[in-house]
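Visitor: Data file my_file_26.pdb (PDB, N, CA and C atoms) is appended below.
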```pdb
ATOM      1  N   THR A   1     -28.282  -6.079  30.570
ATOM      2  CA  THR A   1     -28.149  -6.823  31.811
ATOM      3  C   THR A   1     -28.210  -5.872  33.006
ATOM      4  N   PHE A   2     -27.525  -4.751  32.893
ATOM      5  CA  PHE A   2     -27.538  -3.764  33.980
ATOM      6  C   PHE A   2     -28.964  -3.323  34.287
ATOM      7  N   ILE A   3     -29.715  -2.993  33.236
ATOM      8  CA  ILE A   3     -31.083  -2.507  33.410
ATOM      9  C   ILE A   3     -31.977  -3.598  33.988
ATOM     10  N   GLU A   4     -31.723  -4.828  33.650
ATOM     11  CA  GLU A   4     -32.546  -5.929  34.132
ATOM     12  C   GLU A   4     -32.214  -6.323  35.570
ATOM     13  N   GLN A   5     -30.947  -6.273  35.950
ATOM     14  CA  GLN A   5     -30.531  -6.797  37.253
ATOM     15  C   GLN A   5     -30.582  -5.784  38.391
ATOM     16  N   THR A   6     -30.217  -4.551  38.115
ATOM     17  CA  THR A   6     -30.093  -3.590  39.217
ATOM     18  C   THR A   6     -31.397  -3.342  39.984
ATOM     19  N   PRO A   7     -32.577  -3.376  39.351
ATOM     20  CA  PRO A   7     -33.781  -3.177  40.176
ATOM     21  C   PRO A   7     -33.917  -4.227  41.286
ATOM     22  N   PHE A   8     -33.537  -5.466  40.997
ATOM     23  CA  PHE A   8     -33.608  -6.516  42.013
ATOM     24  C   PHE A   8     -32.584  -6.278  43.122
ATOM     25  N   TYR A   9     -31.375  -5.885  42.724
ATOM     26  CA  TYR A   9     -30.332  -5.611  43.711
ATOM     27  C   TYR A   9     -30.730  -4.453  44.618
ATOM     28  N   VAL A  10     -31.254  -3.398  44.020
ATOM     29  CA  VAL A  10     -31.623  -2.219  44.800
ATOM     30  C   VAL A  10     -32.832  -2.523  45.685
ATOM     31  N   ALA A  11     -33.777  -3.317  45.192
ATOM     32  CA  ALA A  11     -34.925  -3.703  46.017
ATOM     33  C   ALA A  11     -34.467  -4.492  47.240
ATOM     34  N   GLU A  12     -33.499  -5.359  47.045
ATOM     35  CA  GLU A  12     -32.949  -6.123  48.166
ATOM     36  C   GLU A  12     -32.260  -5.185  49.161
ATOM     37  N   LEU A  13     -31.543  -4.207  48.646
ATOM     38  CA  LEU A  13     -30.879  -3.209  49.488
ATOM     39  C   LEU A  13     -31.908  -2.404  50.271
ATOM     40  N   GLU A  14     -32.971  -1.964  49.606
ATOM     41  CA  GLU A  14     -34.010  -1.185  50.271
ATOM     42  C   GLU A  14     -34.718  -2.010  51.357
ATOM     43  N   ASP A  15     -34.952  -3.272  51.074
ATOM     44  CA  ASP A  15     -35.586  -4.147  52.061
ATOM     45  C   ASP A  15     -34.705  -4.286  53.307
ATOM     46  N   ALA A  16     -33.410  -4.488  53.083
ATOM     47  CA  ALA A  16     -32.471  -4.596  54.201
ATOM     48  C   ALA A  16     -32.424  -3.292  54.999
ATOM     49  N   LEU A  17     -32.472  -2.175  54.301
ATOM     50  CA  LEU A  17     -32.477  -0.865  54.954
ATOM     51  C   LEU A  17     -33.741  -0.706  55.804
ATOM     52  N   TYR A  18     -34.873  -1.079  55.237
ATOM     53  CA  TYR A  18     -36.145  -0.999  55.961
ATOM     54  C   TYR A  18     -36.096  -1.826  57.247
ATOM     55  N   GLN A  19     -35.467  -2.992  57.161
ATOM     56  CA  GLN A  19     -35.351  -3.881  58.326
ATOM     57  C   GLN A  19     -34.226  -3.456  59.273
ATOM     58  N   GLN A  20     -33.470  -2.447  58.870
ATOM     59  CA  GLN A  20     -32.292  -1.995  59.612
ATOM     60  C   GLN A  20     -31.322  -3.141  59.861
ATOM     61  N   ASN A  21     -31.204  -3.981  58.856
ATOM     62  CA  ASN A  21     -30.262  -5.094  58.887
ATOM     63  C   ASN A  21     -28.980  -4.583  58.235
ATOM     64  N   TRP A  22     -28.111  -3.998  59.041
ATOM     65  CA  TRP A  22     -26.950  -3.281  58.518
ATOM     66  C   TRP A  22     -25.962  -4.205  57.814
ATOM     67  N   LYS A  23     -25.825  -5.427  58.295
ATOM     68  CA  LYS A  23     -24.935  -6.376  57.622
ATOM     69  C   LYS A  23     -25.447  -6.664  56.220
ATOM     70  N   LYS A  24     -26.755  -6.868  56.105
ATOM     71  CA  LYS A  24     -27.339  -7.148  54.790
ATOM     72  C   LYS A  24     -27.264  -5.913  53.888
ATOM     73  N   VAL A  25     -27.445  -4.731  54.444
ATOM     74  CA  VAL A  25     -27.296  -3.495  53.659
ATOM     75  C   VAL A  25     -25.888  -3.448  53.077
ATOM     76  N   ALA A  26     -24.899  -3.698  53.931
ATOM     77  CA  ALA A  26     -23.508  -3.677  53.475
ATOM     78  C   ALA A  26     -23.262  -4.742  52.413
ATOM     79  N   ASP A  27     -23.784  -5.937  52.637
ATOM     80  CA  ASP A  27     -23.590  -7.027  51.670
ATOM     81  C   ASP A  27     -24.267  -6.717  50.337
ATOM     82  N   CYS A  28     -25.457  -6.154  50.385
ATOM     83  CA  CYS A  28     -26.163  -5.790  49.146
ATOM     84  C   CYS A  28     -25.409  -4.702  48.387
ATOM     85  N   ALA A  29     -24.962  -3.705  49.110
ATOM     86  CA  ALA A  29     -24.199  -2.632  48.463
ATOM     87  C   ALA A  29     -22.929  -3.189  47.828
ATOM     88  N   HIS A  30     -22.289  -4.084  48.539
ATOM     89  CA  HIS A  30     -21.070  -4.703  48.003
ATOM     90  C   HIS A  30     -21.371  -5.452  46.701
ATOM     91  N   LYS A  31     -22.499  -6.121  46.670
ATOM     92  CA  LYS A  31     -22.886  -6.894  45.484
ATOM     93  C   LYS A  31     -23.221  -5.976  44.307
ATOM     94  N   ILE A  32     -23.754  -4.813  44.571
ATOM     95  CA  ILE A  32     -24.157  -3.872  43.521
ATOM     96  C   ILE A  32     -22.962  -3.148  42.900
ATOM     97  N   LYS A  33     -21.945  -2.887  43.679
ATOM     98  CA  LYS A  33     -20.819  -2.050  43.234
ATOM     99  C   LYS A  33     -20.279  -2.395  41.848
ATOM    100  N   PRO A  34     -19.973  -3.657  41.557
ATOM    101  CA  PRO A  34     -19.367  -3.955  40.249
ATOM    102  C   PRO A  34     -20.268  -3.625  39.063
ATOM    103  N   THR A  35     -21.574  -3.633  39.255
ATOM    104  CA  THR A  35     -22.454  -3.359  38.126
ATOM    105  C   THR A  35     -22.255  -1.947  37.593
ATOM    106  N   PHE A  36     -21.898  -1.031  38.466
ATOM    107  CA  PHE A  36     -21.666   0.344  38.027
ATOM    108  C   PHE A  36     -20.318   0.474  37.318
ATOM    109  N   THR A  37     -19.379  -0.356  37.694
ATOM    110  CA  THR A  37     -18.097  -0.379  36.986
ATOM    111  C   THR A  37     -18.306  -0.860  35.556
ATOM    112  N   TYR A  38     -19.177  -1.853  35.383
ATOM    113  CA  TYR A  38     -19.437  -2.409  34.046
ATOM    114  C   TYR A  38     -19.958  -1.363  33.075
ATOM    115  N   VAL A  39     -20.699  -0.385  33.580
ATOM    116  CA  VAL A  39     -21.242   0.649  32.699
ATOM    117  C   VAL A  39     -20.405   1.931  32.750
ATOM    118  N   GLY A  40     -19.205   1.831  33.300
ATOM    119  CA  GLY A  40     -18.279   2.961  33.279
ATOM    120  C   GLY A  40     -18.597   4.060  34.271
ATOM    121  N   ARG A  41     -19.305   3.739  35.335
ATOM    122  CA  ARG A  41     -19.664   4.749  36.325
ATOM    123  C   ARG A  41     -18.972   4.462  37.656
ATOM    124  N   ASN A  42     -17.657   4.647  37.652
ATOM    125  CA  ASN A  42     -16.881   4.446  38.872
ATOM    126  C   ASN A  42     -17.274   5.437  39.962
ATOM    127  N   ASP A  43     -17.780   6.608  39.554
ATOM    128  CA  ASP A  43     -18.237   7.582  40.546
ATOM    129  C   ASP A  43     -19.404   7.024  41.361
ATOM    130  N   VAL A  44     -20.316   6.329  40.684
ATOM    131  CA  VAL A  44     -21.459   5.741  41.394
ATOM    132  C   VAL A  44     -21.000   4.533  42.200
ATOM    133  N   ARG A  45     -20.062   3.772  41.648
ATOM    134  CA  ARG A  45     -19.501   2.644  42.406
ATOM    135  C   ARG A  45     -18.906   3.149  43.715
ATOM    136  N   ASP A  46     -18.173   4.257  43.661
ATOM    137  CA  ASP A  46     -17.581   4.834  44.869
ATOM    138  C   ASP A  46     -18.663   5.315  45.848
ATOM    139  N   PHE A  47     -19.739   5.853  45.307
ATOM    140  CA  PHE A  47     -20.859   6.284  46.136
ATOM    141  C   PHE A  47     -21.484   5.085  46.859
ATOM    142  N   VAL A  48     -21.655   3.988  46.134
ATOM    143  CA  VAL A  48     -22.211   2.770  46.732
ATOM    144  C   VAL A  48     -21.245   2.218  47.786
ATOM    145  N   HIS A  49     -19.955   2.372  47.544
ATOM    146  CA  HIS A  49     -18.966   1.934  48.529
ATOM    147  C   HIS A  49     -19.157   2.693  49.847
ATOM    148  N   LYS A  50     -19.512   3.969  49.750
ATOM    149  CA  LYS A  50     -19.774   4.748  50.972
ATOM    150  C   LYS A  50     -20.971   4.175  51.734
ATOM    151  N   ILE A  51     -21.995   3.758  50.992
ATOM    152  CA  ILE A  51     -23.158   3.135  51.627
ATOM    153  C   ILE A  51     -22.723   1.845  52.315
ATOM    154  N   GLU A  52     -21.948   1.046  51.596
ATOM    155  CA  GLU A  52     -21.467  -0.220  52.162
ATOM    156  C   GLU A  52     -20.659   0.023  53.435
ATOM    157  N   ARG A  53     -19.719   0.925  53.353
ATOM    158  CA  ARG A  53     -18.840   1.196  54.499
ATOM    159  C   ARG A  53     -19.623   1.730  55.695
ATOM    160  N   SER A  54     -20.553   2.622  55.420
ATOM    161  CA  SER A  54     -21.368   3.187  56.488
ATOM    162  C   SER A  54     -22.148   2.093  57.212
ATOM    163  N   ALA A  55     -22.747   1.189  56.454
ATOM    164  CA  ALA A  55     -23.524   0.105  57.062
ATOM    165  C   ALA A  55     -22.618  -0.887  57.785
ATOM    166  N   ARG A  56     -21.492  -1.209  57.192
ATOM    167  CA  ARG A  56     -20.581  -2.196  57.778
ATOM    168  C   ARG A  56     -19.958  -1.677  59.079
ATOM    169  N   GLU A  57     -19.630  -0.373  59.096
ATOM    170  CA  GLU A  57     -18.970   0.205  60.260
ATOM    171  C   GLU A  57     -19.954   0.896  61.213
ATOM    172  N   LEU A  58     -21.242   0.832  60.875
ATOM    173  CA  LEU A  58     -22.305   1.444  61.679
ATOM    174  C   LEU A  58     -22.073   2.935  61.895
ATOM    175  N   LEU A  59     -21.721   3.612  60.805
ATOM    176  CA  LEU A  59     -21.453   5.046  60.824
ATOM    177  C   LEU A  59     -22.513   5.787  60.018
ATOM    178  N   ASP A  60     -22.983   6.903  60.516
ATOM    179  CA  ASP A  60     -23.940   7.751  59.792
ATOM    180  C   ASP A  60     -25.137   6.960  59.276
ATOM    181  N   LEU A  61     -25.643   6.056  60.085
ATOM    182  CA  LEU A  61     -26.770   5.223  59.656
ATOM    183  C   LEU A  61     -28.008   6.061  59.336
ATOM    184  N   ASP A  62     -28.148   7.195  59.989
ATOM    185  CA  ASP A  62     -29.285   8.069  59.732
ATOM    186  C   ASP A  62     -29.264   8.651  58.318
ATOM    187  N   LYS A  63     -28.092   8.653  57.679
ATOM    188  CA  LYS A  63     -27.962   9.189  56.319
ATOM    189  C   LYS A  63     -28.223   8.136  55.239
ATOM    190  N   LEU A  64     -28.285   6.880  55.624
ATOM    191  CA  LEU A  64     -28.448   5.810  54.632
ATOM    192  C   LEU A  64     -29.743   5.909  53.825
ATOM    193  N   PRO A  65     -30.888   6.198  54.427
ATOM    194  CA  PRO A  65     -32.096   6.291  53.598
ATOM    195  C   PRO A  65     -31.969   7.331  52.477
ATOM    196  N   GLU A  66     -31.393   8.470  52.790
ATOM    197  CA  GLU A  66     -31.215   9.513  51.772
ATOM    198  C   GLU A  66     -30.205   9.078  50.706
ATOM    199  N   ARG A  67     -29.169   8.387  51.124
ATOM    200  CA  ARG A  67     -28.168   7.917  50.163
ATOM    201  C   ARG A  67     -28.750   6.850  49.226
ATOM    202  N   VAL A  68     -29.578   5.995  49.755
ATOM    203  CA  VAL A  68     -30.211   4.973  48.908
ATOM    204  C   VAL A  68     -31.193   5.636  47.945
ATOM    205  N   LYS A  69     -31.880   6.656  48.415
ATOM    206  CA  LYS A  69     -32.777   7.415  47.536
ATOM    207  C   LYS A  69     -31.969   8.055  46.400
ATOM    208  N   GLU A  70     -30.832   8.634  46.740
ATOM    209  CA  GLU A  70     -29.966   9.242  45.725
ATOM    210  C   GLU A  70     -29.434   8.179  44.757
ATOM    211  N   LEU A  71     -29.109   7.009  45.270
ATOM    212  CA  LEU A  71     -28.662   5.911  44.415
ATOM    213  C   LEU A  71     -29.731   5.569  43.385
ATOM    214  N   ASN A  72     -30.973   5.552  43.800
ATOM    215  CA  ASN A  72     -32.066   5.277  42.867
ATOM    216  C   ASN A  72     -32.171   6.340  41.781
ATOM    217  N   LEU A  73     -31.987   7.593  42.147
ATOM    218  CA  LEU A  73     -32.011   8.668  41.153
ATOM    219  C   LEU A  73     -30.856   8.521  40.165
ATOM    220  N   LEU A  74     -29.687   8.202  40.677
ATOM    221  CA  LEU A  74     -28.527   7.989  39.805
ATOM    222  C   LEU A  74     -28.762   6.807  38.867
ATOM    223  N   ARG A  75     -29.330   5.758  39.406
ATOM    224  CA  ARG A  75     -29.612   4.562  38.617
ATOM    225  C   ARG A  75     -30.569   4.891  37.475
ATOM    226  N   GLU A  76     -31.605   5.663  37.757
ATOM    227  CA  GLU A  76     -32.565   6.049  36.716
ATOM    228  C   GLU A  76     -31.891   6.885  35.633
ATOM    229  N   LYS A  77     -31.012   7.795  36.032
ATOM    230  CA  LYS A  77     -30.283   8.605  35.048
ATOM    231  C   LYS A  77     -29.398   7.723  34.168
ATOM    232  N   ILE A  78     -28.787   6.733  34.761
ATOM    233  CA  ILE A  78     -27.935   5.821  33.994
ATOM    234  C   ILE A  78     -28.774   5.021  33.012
ATOM    235  N   TYR A  79     -29.955   4.601  33.411
ATOM    236  CA  TYR A  79     -30.846   3.892  32.486
ATOM    237  C   TYR A  79     -31.126   4.746  31.251
ATOM    238  N   ILE A  80     -31.423   6.014  31.477
ATOM    239  CA  ILE A  80     -31.699   6.930  30.362
ATOM    240  C   ILE A  80     -30.464   7.060  29.472
ATOM    241  N   GLN A  81     -29.297   7.202  30.090
ATOM    242  CA  GLN A  81     -28.059   7.314  29.315
ATOM    243  C   GLN A  81     -27.811   6.051  28.489
ATOM    244  N   ILE A  82     -28.073   4.906  29.061
ATOM    245  CA  ILE A  82     -27.879   3.649  28.337
ATOM    246  C   ILE A  82     -28.834   3.570  27.154
ATOM    247  N   GLU A  83     -30.079   3.919  27.373
ATOM    248  CA  GLU A  83     -31.058   3.876  26.275
ATOM    249  C   GLU A  83     -30.670   4.838  25.156
ATOM    250  N   ARG A  84     -30.226   6.028  25.525
ATOM    251  CA  ARG A  84     -29.776   6.995  24.506
ATOM    252  C   ARG A  84     -28.585   6.448  23.726
ATOM    253  N   SER A  85     -27.654   5.831  24.425
ATOM    254  CA  SER A  85     -26.477   5.262  23.767
ATOM    255  C   SER A  85     -26.867   4.139  22.818
ATOM    256  N   LYS A  86     -27.815   3.322  23.232
ATOM    257  CA  LYS A  86     -28.283   2.236  22.362
ATOM    258  C   LYS A  86     -28.878   2.796  21.074
ATOM    259  N   ILE A  87     -29.666   3.861  21.189
ATOM    260  CA  ILE A  87     -30.272   4.486  20.013
ATOM    261  C   ILE A  87     -29.195   5.077  19.117
ATOM    262  N   GLU A  88     -28.197   5.749  19.723
ATOM    263  CA  GLU A  88     -27.110   6.333  18.936
ATOM    264  C   GLU A  88     -26.351   5.266  18.161
ATOM    265  N   VAL A  89     -26.069   4.151  18.798
ATOM    266  CA  VAL A  89     -25.342   3.069  18.136
ATOM    267  C   VAL A  89     -26.186   2.491  16.996
ATOM    268  N   LYS A  90     -27.454   2.258  17.270
ATOM    269  CA  LYS A  90     -28.329   1.712  16.234
ATOM    270  C   LYS A  90     -28.453   2.668  15.057
ATOM    271  N   THR A  91     -28.567   3.964  15.352
ATOM    272  CA  THR A  91     -28.670   4.961  14.298
ATOM    273  C   THR A  91     -27.376   5.024  13.488
ATOM    274  N   LYS A  92     -26.278   5.017  14.176
ATOM    275  CA  LYS A  92     -24.980   5.100  13.507
ATOM    276  C   LYS A  92     -24.763   3.931  12.555
ATOM    277  N   TYR A  93     -25.228   2.779  12.936
ATOM    278  CA  TYR A  93     -25.012   1.593  12.112
ATOM    279  C   TYR A  93     -26.286   1.168  11.377
ATOM    280  N   ASN A  94     -27.235   2.130  11.244
ATOM    281  CA  ASN A  94     -28.484   1.895  10.503
ATOM    282  C   ASN A  94     -29.189   0.623  10.935
ATOM    283  N   MET A  95     -29.309   0.446  12.222
ATOM    284  CA  MET A  95     -29.909  -0.780  12.749
ATOM    285  C   MET A  95     -31.339  -0.550  13.233
ATOM    286  N   LEU A  96     -31.862   0.649  13.038
ATOM    287  CA  LEU A  96     -33.224   0.929  13.499
ATOM    288  C   LEU A  96     -34.262   0.343  12.580
TER     289      LEU A  96
END
```
What would the structure in this file look like if it were written as structure tokens?

Guide:
Amino acid sequence: TFIEQTPFYVAELEDALYQQNWKKVADCAHKIKPTFTYVGRNDVRDFVHKIERSARELLDLDKLPERVKELNLLREKIYIQIERSKIEVKTKYNML
């Protein structure tokens, strides 16, 4: 579910960022945060919270594009970790 849903959430966030719609950026970031908790990445959830807070409070807006880019890199790394974990579980239980 994480792998299927987050690309849509992040695309919505990027679109809002492109439009400089700071309220929507904050709302999108807020919506994304729990998905990282579900996969045990509270560090990334906290990072997304910084994006949300920055957009909501109109602070460091010039840093948001770089932070969203970093979020995408983190998201890709998590996808790889999830796929590796799935393979490990399948191998462990002879499900391949």

Visitor: Between CA of Leu17 (chain A) and atom C of Ala29 (chain A), what is the distance in Å, rounded to a tenth?

Guide: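 So the answer is 12.1 Å.
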
Visitor: Could you check which of A:Glu66, A:Glu4, A:Asp27, A:Glu76 is closest to His49 (chain A), using only C-alpha atoms?

Guide: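 Looking only at the distances to His49 (chain A), the closest residue turns out to be A:Asp27.
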
Visitor: Expressed in Å to a single decimal, how great is the separation between CA of His30 (chain A) and CA of Arg84 (chain A)?

Guide: 27.7 Å

Visitor: Which residues match the PyMOL selection byres (((chain A and resi 5 and name CA) around 12) and name CA) in the file above, as a tab-separated table (two decimals) with N, CA and C atoms, keeping the file's coordinate frame?

Guide:
```tsv
chain	number	residue	atom	x	y	z
A	1	THR	N	-28.28	-6.08	30.57
A	1	THR	CA	-28.15	-6.82	31.81
A	1	THR	C	-28.21	-5.87	33.01
A	2	PHE	N	-27.52	-4.75	32.89
A	2	PHE	CA	-27.54	-3.76	33.98
A	2	PHE	C	-28.96	-3.32	34.29
A	3	ILE	N	-29.72	-2.99	33.24
A	3	ILE	CA	-31.08	-2.51	33.41
A	3	ILE	C	-31.98	-3.60	33.99
A	4	GLU	N	-31.72	-4.83	33.65
A	4	GLU	CA	-32.55	-5.93	34.13
A	4	GLU	C	-32.21	-6.32	35.57
A	6	THR	N	-30.22	-4.55	38.12
A	6	THR	CA	-30.09	-3.59	39.22
A	6	THR	C	-31.40	-3.34	39.98
A	7	PRO	N	-32.58	-3.38	39.35
A	7	PRO	CA	-33.78	-3.18	40.18
A	7	PRO	C	-33.92	-4.23	41.29
A	8	PHE	N	-33.54	-5.47	41.00
A	8	PHE	CA	-33.61	-6.52	42.01
A	8	PHE	C	-32.58	-6.28	43.12
A	9	TYR	N	-31.38	-5.88	42.72
A	9	TYR	CA	-30.33	-5.61	43.71
A	9	TYR	C	-30.73	-4.45	44.62
A	10	VAL	N	-31.25	-3.40	44.02
A	10	VAL	CA	-31.62	-2.22	44.80
A	10	VAL	C	-32.83	-2.52	45.68
A	11	ALA	N	-33.78	-3.32	45.19
A	11	ALA	CA	-34.92	-3.70	46.02
A	11	ALA	C	-34.47	-4.49	47.24
A	12	GLU	N	-33.50	-5.36	47.04
A	12	GLU	CA	-32.95	-6.12	48.17
A	12	GLU	C	-32.26	-5.18	49.16
A	31	LYS	N	-22.50	-6.12	46.67
A	31	LYS	CA	-22.89	-6.89	45.48
A	31	LYS	C	-23.22	-5.98	44.31
A	32	ILE	N	-23.75	-4.81	44.57
A	32	ILE	CA	-24.16	-3.87	43.52
A	32	ILE	C	-22.96	-3.15	42.90
A	34	PRO	N	-19.97	-3.66	41.56
A	34	PRO	CA	-19.37	-3.96	40.25
A	34	PRO	C	-20.27	-3.62	39.06
A	35	THR	N	-21.57	-3.63	39.26
A	35	THR	CA	-22.45	-3.36	38.13
A	35	THR	C	-22.26	-1.95	37.59
A	36	PHE	N	-21.90	-1.03	38.47
A	36	PHE	CA	-21.67	0.34	38.03
A	36	PHE	C	-20.32	0.47	37.32
A	75	ARG	N	-29.33	5.76	39.41
A	75	ARG	CA	-29.61	4.56	38.62
A	75	ARG	C	-30.57	4.89	37.48
A	79	TYR	N	-29.96	4.60	33.41
A	79	TYR	CA	-30.85	3.89	32.49
A	79	TYR	C	-31.13	4.75	31.25
```

Visitor: For Glu14 (chain A), please output as a list of chain:residue names all residues within 8 Å (counting only N, CA and C atoms; exclusion window: fewer than 5 positions along the same chain).

Guide: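 Residues meeting the cut-off are A:Phe8, A:Tyr9, A:Gln19, A:Gln20, A:Val25, A:Cys28, A:Val68.
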
Visitor: So how far away is CA of Gly40 (chain A) from CA of Glu83 (chain A), in Å?

Guide: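 Taking CA of Glu83 (chain A) as the start and CA of Gly40 (chain A) as the end point, the length is 14.6 Å.
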
Visitor: Out of chain A, which residues get alpha helix (DSSP H) from DSSP, as a ChimeraX atom specification?

Guide: /A:2-18,22-38,42-57,64-92

Visitor: Hey, could you pull the box centre and edge lengths for region 5-20 of chain A, axis-aligned, 8 Å padding per side, all listed atoms, to one decimal in Å, as lines of an AutoDock Vina configuration file?

Guide:
```
center_x = -33.1
center_y = -3.8
center_z = 47.9
size_x = 22.1
size_y = 22.1
size_z = 39.9
```
